[in-house]
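First the structure, in the form of structure tokens, and then the observations on it.
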Protein chains: 2
Amino acid sequence: MNIAILGAGGIGKAAARIIEKKKGIKIVAACDKSGYAIDEKGINSKKIYDLKKDESIASIGKNSDDTIGNIIKSGRFIDGILITLPNLPNEFIPSVAKRFLENGYKGAFSDPLKRTKAMKIMFGMDDLFKKNECTYLTGTGATPGLLSAAAVLASQSFISVDKVDIFWGVGISSWEEYKGTIREDIAHLPGFTVEKAKAMTDEQINKLLNKSDGILKFENMEHADDILLQKAGVIEDLDKVTVGGIMDTRHAKKPVTTTMTLTGKTFDGKTSSHKFMLGDETTMAANVLGPALGYLKRAMWLRENKIYGVFGSTEFMPMVVK
Amino acid sequence: MNIAILGAGGIGKAAARIIEKKKGIKIVAACDKSGYAIDEKGINSKKIYDLKKDESIASIGKNSDDTIGNIIKSGRFIDGILITLPNLPNEFIPSVAKRFLENGYKGAFSDPLKRTKAMKIMFGMDDLFKKNECTYLTGTGATPGLLSAAAVLASQSFISVDKVDIFWGVGISSWEEYKGTIREDIAHLPGFTVEKAKAMTDEQINKLLNKSDGILKFENMEHADDILLQKAGVIEDLDKVTVGGIMDTRHAKKPVTTTMTLTGKTFDGKTSSHKFMLGDETTMAANVLGPALGYLKRAMWLRENKIYGVFGSTEFMPMVVK
């Protein structure tokens, strides 16, 4: 598996750490906003995750005004692309993916995309991916991803699904390791917008976090678990899916156990709930990037089997029978 | 989805009850040892689940010495086959499946097969299924099935898996509803063999259950979750998977919550466990037959996409990256 990693923030670096432990994957290309590195024989993962805060991939590769363009030029030896770019604005990741196709790239993609609006744009490009014989799996992180897939499994015991509740706990010792992710999360808070959060300075973020001892609480987040579960047939009404969470930006310990609870009715009229719970010692990085790489391998498998298009992380489980 | 149900014991009847609630499936053929019913327009589910204990499908269809042979003759309008036959002896279900292929049947299969040995025989027929352009999904019940699939999802957060522990609770108000299943379970008890359990009279079973107030406890069961997880790459050593459970044969309430616990190590050196827990109010029937039908639909989808062969219920999740 020769892969490219687009984006080398906290999430991209965590991917490099995981890949270092696996023999079956090689990073052959990586980029950020101002730099890129390409090596068909493989880039040492350590070089990527050892980059200092605010240090660009340029320091282990080359500077460029068009880093994505340079990755695309090496597309012939890239089997799959892991997208760990900032999710905002919503059009950003879809536009990058589209550019790969428009320039003749043939391969697989995995993207731990989070927002419903961004994912809708991705699904709208299904025909383009089919025409170009590429396979894109979206929502391949923890939530959406691991937990939404678990909801599809859980739904199998029920005739109808009343509610899917996803509540996550994240603990990070320093928010500055995840500068993109924290802004995406702040954008979910009441009174904030995507644009407003993205424009915040580090100082403004520190000030906001000081108000609540580094704890951020989220309710009714705009999270793509809803359309992923709708697309898989688990629910029809998007309101049946709720996502919330608590993030501690000053302690690695999780403030709450990440849990997916699916409540439904069985054929014999009982109401019950199945649960999927993530161990508290597993970090956001482990729960997002492990699945994202597992789904990238699945995307390659689908492509080898001539199954092209844009699909959700929920779409290759046992199917929902109506 | 026009399906055939092979076997009309407790499990087959529960399938009929579930199908009654779903618009997208029609039972067009059903059989047991001595009778079969075929109707291209659909057999009323109620007719099947209303059959009395020890009453054959012959009473709503026809008698035959070769009921399977008669189902095969109608194969042209059967898209998929749900196998709810007794699992014992281990060669029985594989031999039935083989007969369909040898007689030119083209379609999909789903089978909530349980024992490792039986599943090995099924996997040994992969080439035959590929050659005949048929797709067979095995281990599609609760365990193996729903819980083994959840283990594949859970494994995504880890670099290595230490242990997968599946412990189930089943409560049934009367064991006589599941005469085949109870014998299969008894065969797992110390001092019993498959042959010995199969040969037990109802009276002997009553006597055995009286000794423990209807409670049966199981440890280290021979359950195919192990090879299913090995095939998916989650574990190499089969001993890392343990399956046990407690069955109450006199109360519908579950004696213990069915739980899959996967323990592994993360890329950053932590040991942790993810859990998948089934709601206590969901019956064995809901947790086995819901998934079995969901996997049958998936098997049809695979076949439509020209993916033929014998696969486990663990093989279409995010993939394990080594």
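Ligands are numbered from 1 in the order shown, chains are lettered A, B, ... in the order of the structure tokens, and residues start at 1 in each chain.
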Give me, as JSON lines, the closest atom pair and its distance (Å, one decimal) for every residue of chain B within a cut-off of 7 Å of chain A, counting only C-alpha atoms, rows sorted by chain and rising number.
{"residue": "B:Ile18", "atom": "CA", "partner": "A:Phe267", "partner_atom": "CA", "distance": 5.6}
{"residue": "B:Lys22", "atom": "CA", "partner": "A:Lys322", "partner_atom": "CA", "distance": 5.2}
{"residue": "B:Lys23", "atom": "CA", "partner": "A:Lys322", "partner_atom": "CA", "distance": 5.9}
{"residue": "B:Gly24", "atom": "CA", "partner": "A:Lys322", "partner_atom": "CA", "distance": 5.2}
{"residue": "B:Leu146", "atom": "CA", "partner": "A:Leu153", "partner_atom": "CA", "distance": 6.5}
{"residue": "B:Ala150", "atom": "CA", "partner": "A:Ala150", "partner_atom": "CA", "distance": 6.7}
{"residue": "B:Leu153", "atom": "CA", "partner": "A:Leu146", "partner_atom": "CA", "distance": 6.5}
{"residue": "B:Gln156", "atom": "CA", "partner": "A:Gly290", "partner_atom": "CA", "distance": 5.0}
{"residue": "B:Ser157", "atom": "CA", "partner": "A:Asn287", "partner_atom": "CA", "distance": 4.8}
{"residue": "B:Phe158", "atom": "CA", "partner": "A:Ala286", "partner_atom": "CA", "distance": 6.9}
{"residue": "B:Thr266", "atom": "CA", "partner": "A:Ala286", "partner_atom": "CA", "distance": 6.5}
{"residue": "B:Phe267", "atom": "CA", "partner": "A:Ile18", "partner_atom": "CA", "distance": 5.6}
{"residue": "B:Lys270", "atom": "CA", "partner": "A:Glu281", "partner_atom": "CA", "distance": 6.4}
{"residue": "B:Thr271", "atom": "CA", "partner": "A:Glu281", "partner_atom": "CA", "distance": 7.0}
{"residue": "B:Ser272", "atom": "CA", "partner": "A:Gly279", "partner_atom": "CA", "distance": 5.3}
{"residue": "B:Ser273", "atom": "CA", "partner": "A:Gly279", "partner_atom": "CA", "distance": 4.8}
{"residue": "B:His274", "atom": "CA", "partner": "A:Leu278", "partner_atom": "CA", "distance": 4.5}
{"residue": "B:Lys275", "atom": "CA", "partner": "A:Met277", "partner_atom": "CA", "distance": 5.1}
{"residue": "B:Phe276", "atom": "CA", "partner": "A:Phe276", "partner_atom": "CA", "distance": 4.4}
{"residue": "B:Met277", "atom": "CA", "partner": "A:Lys275", "partner_atom": "CA", "distance": 5.1}
{"residue": "B:Leu278", "atom": "CA", "partner": "A:His274", "partner_atom": "CA", "distance": 4.5}
{"residue": "B:Gly279", "atom": "CA", "partner": "A:Ser273", "partner_atom": "CA", "distance": 4.8}
{"residue": "B:Glu281", "atom": "CA", "partner": "A:Ser272", "partner_atom": "CA", "distance": 5.5}
{"residue": "B:Thr282", "atom": "CA", "partner": "A:Ser272", "partner_atom": "CA", "distance": 6.4}
{"residue": "B:Ala286", "atom": "CA", "partner": "A:Ser157", "partner_atom": "CA", "distance": 5.0}
{"residue": "B:Asn287", "atom": "CA", "partner": "A:Ser157", "partner_atom": "CA", "distance": 4.8}
{"residue": "B:Gly290", "atom": "CA", "partner": "A:Ser157", "partner_atom": "CA", "distance": 4.9}
{"residue": "B:Pro291", "atom": "CA", "partner": "A:Gln156", "partner_atom": "CA", "distance": 5.1}
{"residue": "B:Gly294", "atom": "CA", "partner": "A:Met319", "partner_atom": "CA", "distance": 4.6}
{"residue": "B:Tyr295", "atom": "CA", "partner": "A:Pro318", "partner_atom": "CA", "distance": 4.7}
{"residue": "B:Lys297", "atom": "CA", "partner": "A:Met319", "partner_atom": "CA", "distance": 6.0}
{"residue": "B:Arg298", "atom": "CA", "partner": "A:Met319", "partner_atom": "CA", "distance": 5.5}
{"residue": "B:Phe316", "atom": "CA", "partner": "A:Phe316", "partner_atom": "CA", "distance": 6.1}
{"residue": "B:Met317", "atom": "CA", "partner": "A:Met317", "partner_atom": "CA", "distance": 6.0}
{"residue": "B:Pro318", "atom": "CA", "partner": "A:Tyr295", "partner_atom": "CA", "distance": 4.7}
{"residue": "B:Met319", "atom": "CA", "partner": "A:Gly294", "partner_atom": "CA", "distance": 4.6}
{"residue": "B:Val320", "atom": "CA", "partner": "A:Gly294", "partner_atom": "CA", "distance": 5.6}
{"residue": "B:Val321", "atom": "CA", "partner": "A:Gly294", "partner_atom": "CA", "distance": 5.8}
{"residue": "B:Lys322", "atom": "CA", "partner": "A:Lys22", "partner_atom": "CA", "distance": 5.2}
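By only C-alpha atoms, and with residues fewer than 6 positions from Thr135 (chain A) along its chain excluded, the set lying at most 6 Å from it is Ala108, Ala299, Arg303, Tyr308 and Gly309 of chain A.
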(message) My list of candidates is A:Ile215, A:Ala187, A:Ile5, A:Val170. Which is closest to Thr257 (chain A) when distances are computed with only C-alpha atoms?
(response) A:Val170
(request) Enumerate, as number ranges by chain, the complete set of residues in region 127-266 of chain B that a backbone-based DSSP assignment places in helix (DSSP H, G or I). (result) B: 127-131, 146-155, 175-186, 194-198, 202-210, 225-231, 238-240
(request) Excluding Gly10 (chain B) and any residue of its chain fewer than 5 positions from it, enumerate the residues within 12 Å of it, using only C-alpha atoms, and give them as number ranges by chain. (result) B: 15-17, 32, 48-55, 84-86, 172, 174-182, 284-286, 288-289
Same residues, N, CA and C atoms, saved as an mmCIF file, in the first residue's frame:
data_model
loop_
_atom_site.group_PDB
_atom_site.id
_atom_site.type_symbol
_atom_site.label_atom_id
_atom_site.label_comp_id
_atom_site.auth_asym_id
_atom_site.auth_seq_id
_atom_site.Cartn_x
_atom_site.Cartn_y
_atom_site.Cartn_z
ATOM 1 N N ALA B 15 -37.108 -16.273 11.727
ATOM 2 C CA ALA B 15 -36.823 -15.562 10.470
ATOM 3 C C ALA B 15 -38.135 -15.144 9.803
ATOM 4 N N ALA B 16 -39.109 -16.053 9.794
ATOM 5 C CA ALA B 16 -40.405 -15.742 9.175
ATOM 6 C C ALA B 16 -41.081 -14.572 9.891
ATOM 7 N N ARG B 17 -40.967 -14.526 11.212
ATOM 8 C CA ARG B 17 -41.562 -13.419 11.981
ATOM 9 C C ARG B 17 -40.924 -12.083 11.616
ATOM 10 N N ASP B 32 -38.466 -28.222 5.468
ATOM 11 C CA ASP B 32 -37.837 -28.881 6.608
ATOM 12 C C ASP B 32 -37.510 -30.302 6.170
ATOM 13 N N ILE B 48 -45.823 -20.071 8.271
ATOM 14 C CA ILE B 48 -44.604 -20.773 8.705
ATOM 15 C C ILE B 48 -44.448 -20.701 10.224
ATOM 16 N N TYR B 49 -44.569 -19.478 10.779
ATOM 17 C CA TYR B 49 -44.296 -19.417 12.225
ATOM 18 C C TYR B 49 -45.455 -19.935 13.070
ATOM 19 N N ASP B 50 -46.617 -20.128 12.454
ATOM 20 C CA ASP B 50 -47.744 -20.718 13.194
ATOM 21 C C ASP B 50 -47.699 -22.245 13.229
ATOM 22 N N LEU B 51 -46.768 -22.833 12.495
ATOM 23 C CA LEU B 51 -46.652 -24.300 12.537
ATOM 24 C C LEU B 51 -46.428 -24.724 13.978
ATOM 25 N N LYS B 52 -47.132 -25.760 14.388
ATOM 26 C CA LYS B 52 -46.966 -26.235 15.769
ATOM 27 C C LYS B 52 -45.633 -26.959 15.927
ATOM 28 N N LYS B 53 -45.222 -27.096 17.184
ATOM 29 C CA LYS B 53 -44.036 -27.904 17.486
ATOM 30 C C LYS B 53 -44.179 -29.257 16.807
ATOM 31 N N ASP B 54 -43.155 -29.717 16.140
ATOM 32 C CA ASP B 54 -43.145 -31.023 15.469
ATOM 33 C C ASP B 54 -44.085 -31.108 14.270
ATOM 34 N N GLU B 55 -44.743 -29.982 13.911
ATOM 35 C CA GLU B 55 -45.564 -30.006 12.695
ATOM 36 C C GLU B 55 -44.664 -29.636 11.512
ATOM 37 N N THR B 84 -31.200 -22.122 7.877
ATOM 38 C CA THR B 84 -31.486 -22.210 9.323
ATOM 39 C C THR B 84 -31.664 -23.672 9.718
ATOM 40 N N LEU B 85 -30.864 -24.505 9.086
ATOM 41 C CA LEU B 85 -30.875 -25.938 9.380
ATOM 42 C C LEU B 85 -30.075 -26.202 10.650
ATOM 43 N N PRO B 86 -30.290 -27.366 11.273
ATOM 44 C CA PRO B 86 -29.441 -27.715 12.420
ATOM 45 C C PRO B 86 -27.973 -27.706 11.984
ATOM 46 N N ILE B 172 -34.495 -18.080 27.314
ATOM 47 C CA ILE B 172 -35.656 -18.532 26.533
ATOM 48 C C ILE B 172 -36.667 -19.111 27.513
ATOM 49 N N SER B 174 -38.860 -21.399 27.049
ATOM 50 C CA SER B 174 -38.976 -22.853 26.960
ATOM 51 C C SER B 174 -37.960 -23.384 25.961
ATOM 52 N N TRP B 175 -37.155 -24.329 26.383
ATOM 53 C CA TRP B 175 -36.122 -24.856 25.471
ATOM 54 C C TRP B 175 -36.752 -25.599 24.306
ATOM 55 N N GLU B 176 -37.999 -26.040 24.482
ATOM 56 C CA GLU B 176 -38.617 -26.844 23.429
ATOM 57 C C GLU B 176 -38.913 -26.049 22.154
ATOM 58 N N GLU B 177 -38.808 -24.708 22.253
ATOM 59 C CA GLU B 177 -38.938 -23.904 21.035
ATOM 60 C C GLU B 177 -37.695 -24.011 20.152
ATOM 61 N N TYR B 178 -36.608 -24.374 20.758
ATOM 62 C CA TYR B 178 -35.328 -24.412 20.024
ATOM 63 C C TYR B 178 -34.644 -25.762 20.218
ATOM 64 N N LYS B 179 -35.309 -26.788 19.738
ATOM 65 C CA LYS B 179 -34.817 -28.148 19.973
ATOM 66 C C LYS B 179 -33.467 -28.421 19.329
ATOM 67 N N GLY B 180 -33.230 -27.845 18.148
ATOM 68 C CA GLY B 180 -31.937 -28.055 17.488
ATOM 69 C C GLY B 180 -30.839 -27.278 18.196
ATOM 70 N N THR B 181 -31.142 -26.002 18.466
ATOM 71 C CA THR B 181 -30.155 -25.119 19.080
ATOM 72 C C THR B 181 -29.699 -25.647 20.437
ATOM 73 N N ILE B 182 -30.633 -26.141 21.232
ATOM 74 C CA ILE B 182 -30.269 -26.587 22.579
ATOM 75 C C ILE B 182 -29.322 -27.793 22.507
ATOM 76 N N MET B 284 -32.332 -13.780 21.406
ATOM 77 C CA MET B 284 -31.434 -14.504 20.508
ATOM 78 C C MET B 284 -31.972 -14.420 19.075
ATOM 79 N N ALA B 285 -33.279 -14.596 18.922
ATOM 80 C CA ALA B 285 -33.876 -14.586 17.587
ATOM 81 C C ALA B 285 -33.605 -13.257 16.877
ATOM 82 N N ALA B 286 -33.797 -12.130 17.583
ATOM 83 C CA ALA B 286 -33.572 -10.808 16.979
ATOM 84 C C ALA B 286 -32.102 -10.629 16.612
ATOM 85 N N VAL B 288 -29.793 -12.955 16.053
ATOM 86 C CA VAL B 288 -29.263 -13.907 15.070
ATOM 87 C C VAL B 288 -29.877 -13.644 13.692
ATOM 88 N N LEU B 289 -31.209 -13.553 13.626
ATOM 89 C CA LEU B 289 -31.873 -13.499 12.319
ATOM 90 C C LEU B 289 -31.822 -12.127 11.665
#
(request) Check region 18-236 of chain B with DSSP on the backbone and list each residue it calls strand (DSSP E or B), as a PyMOL selection string. (result) chain B and resi 26-31+35-38+62-63+80-83+108-111+135-138+141+145+160-171+215-218
(message) I want to know what sits within 8 Å of Val194 (chain B), based on only C-alpha atoms, with residues of the same chain fewer than 4 positions away left out; could you give that as a ChimeraX atom specification?
(response) /B:88-89,184,187-188,198
If you keep C-alpha atoms, can you produce a file of those selected residues as a compact mmCIF listing (two decimals), in the first residue's frame?
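Saved the output as selection-v4.txt:
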# COMPACT_ATOMS: atom_id res chain seq x y z
CA LEU B 88 -24.94 -30.73 13.37
CA PRO B 89 -23.23 -32.84 12.18
CA GLU B 184 -25.93 -27.86 19.65
CA ALA B 187 -22.64 -30.54 22.74
CA HIS B 188 -20.31 -27.80 24.03
CA LYS B 198 -27.70 -34.97 18.86
(request) To one decimal in Å, tell me the separation between CA of Val161 (chain A) and CA of Leu113 (chain A). (result)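 Between CA of Val161 (chain A) and CA of Leu113 (chain A) the gap works out to 24.4 Å.
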(request) For Ile83 (chain B), work out the shell of residues within 7 Å, counting only C-alpha atoms and skipping chain neighbours fewer than 4 positions away, then give it as a ChimeraX atom specification. (result) /B:5-7,110-111
(message) Between CA of Val256 (chain B) and CA of Phe167 (chain B), what distance in Å does the model show, to one decimal?
(response) 8.5 Å
(request) Pick out the residues sitting within 12 Å of Lys47 (chain A), and hand them over as a list in words; count only C-alpha atoms, and ignore anything fewer than 5 positions along from it in its own chain. (result)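 Skipping anything fewer than 5 positions along the chain leaves Ala8, Lys13, Ala16, Arg17, Glu20, Ile27, Ala30, Ala37, Gly42, Lys52, Glu55, Ser56, Ile57, Ala58, Ser59, Ile60 and Gly61 of chain A.
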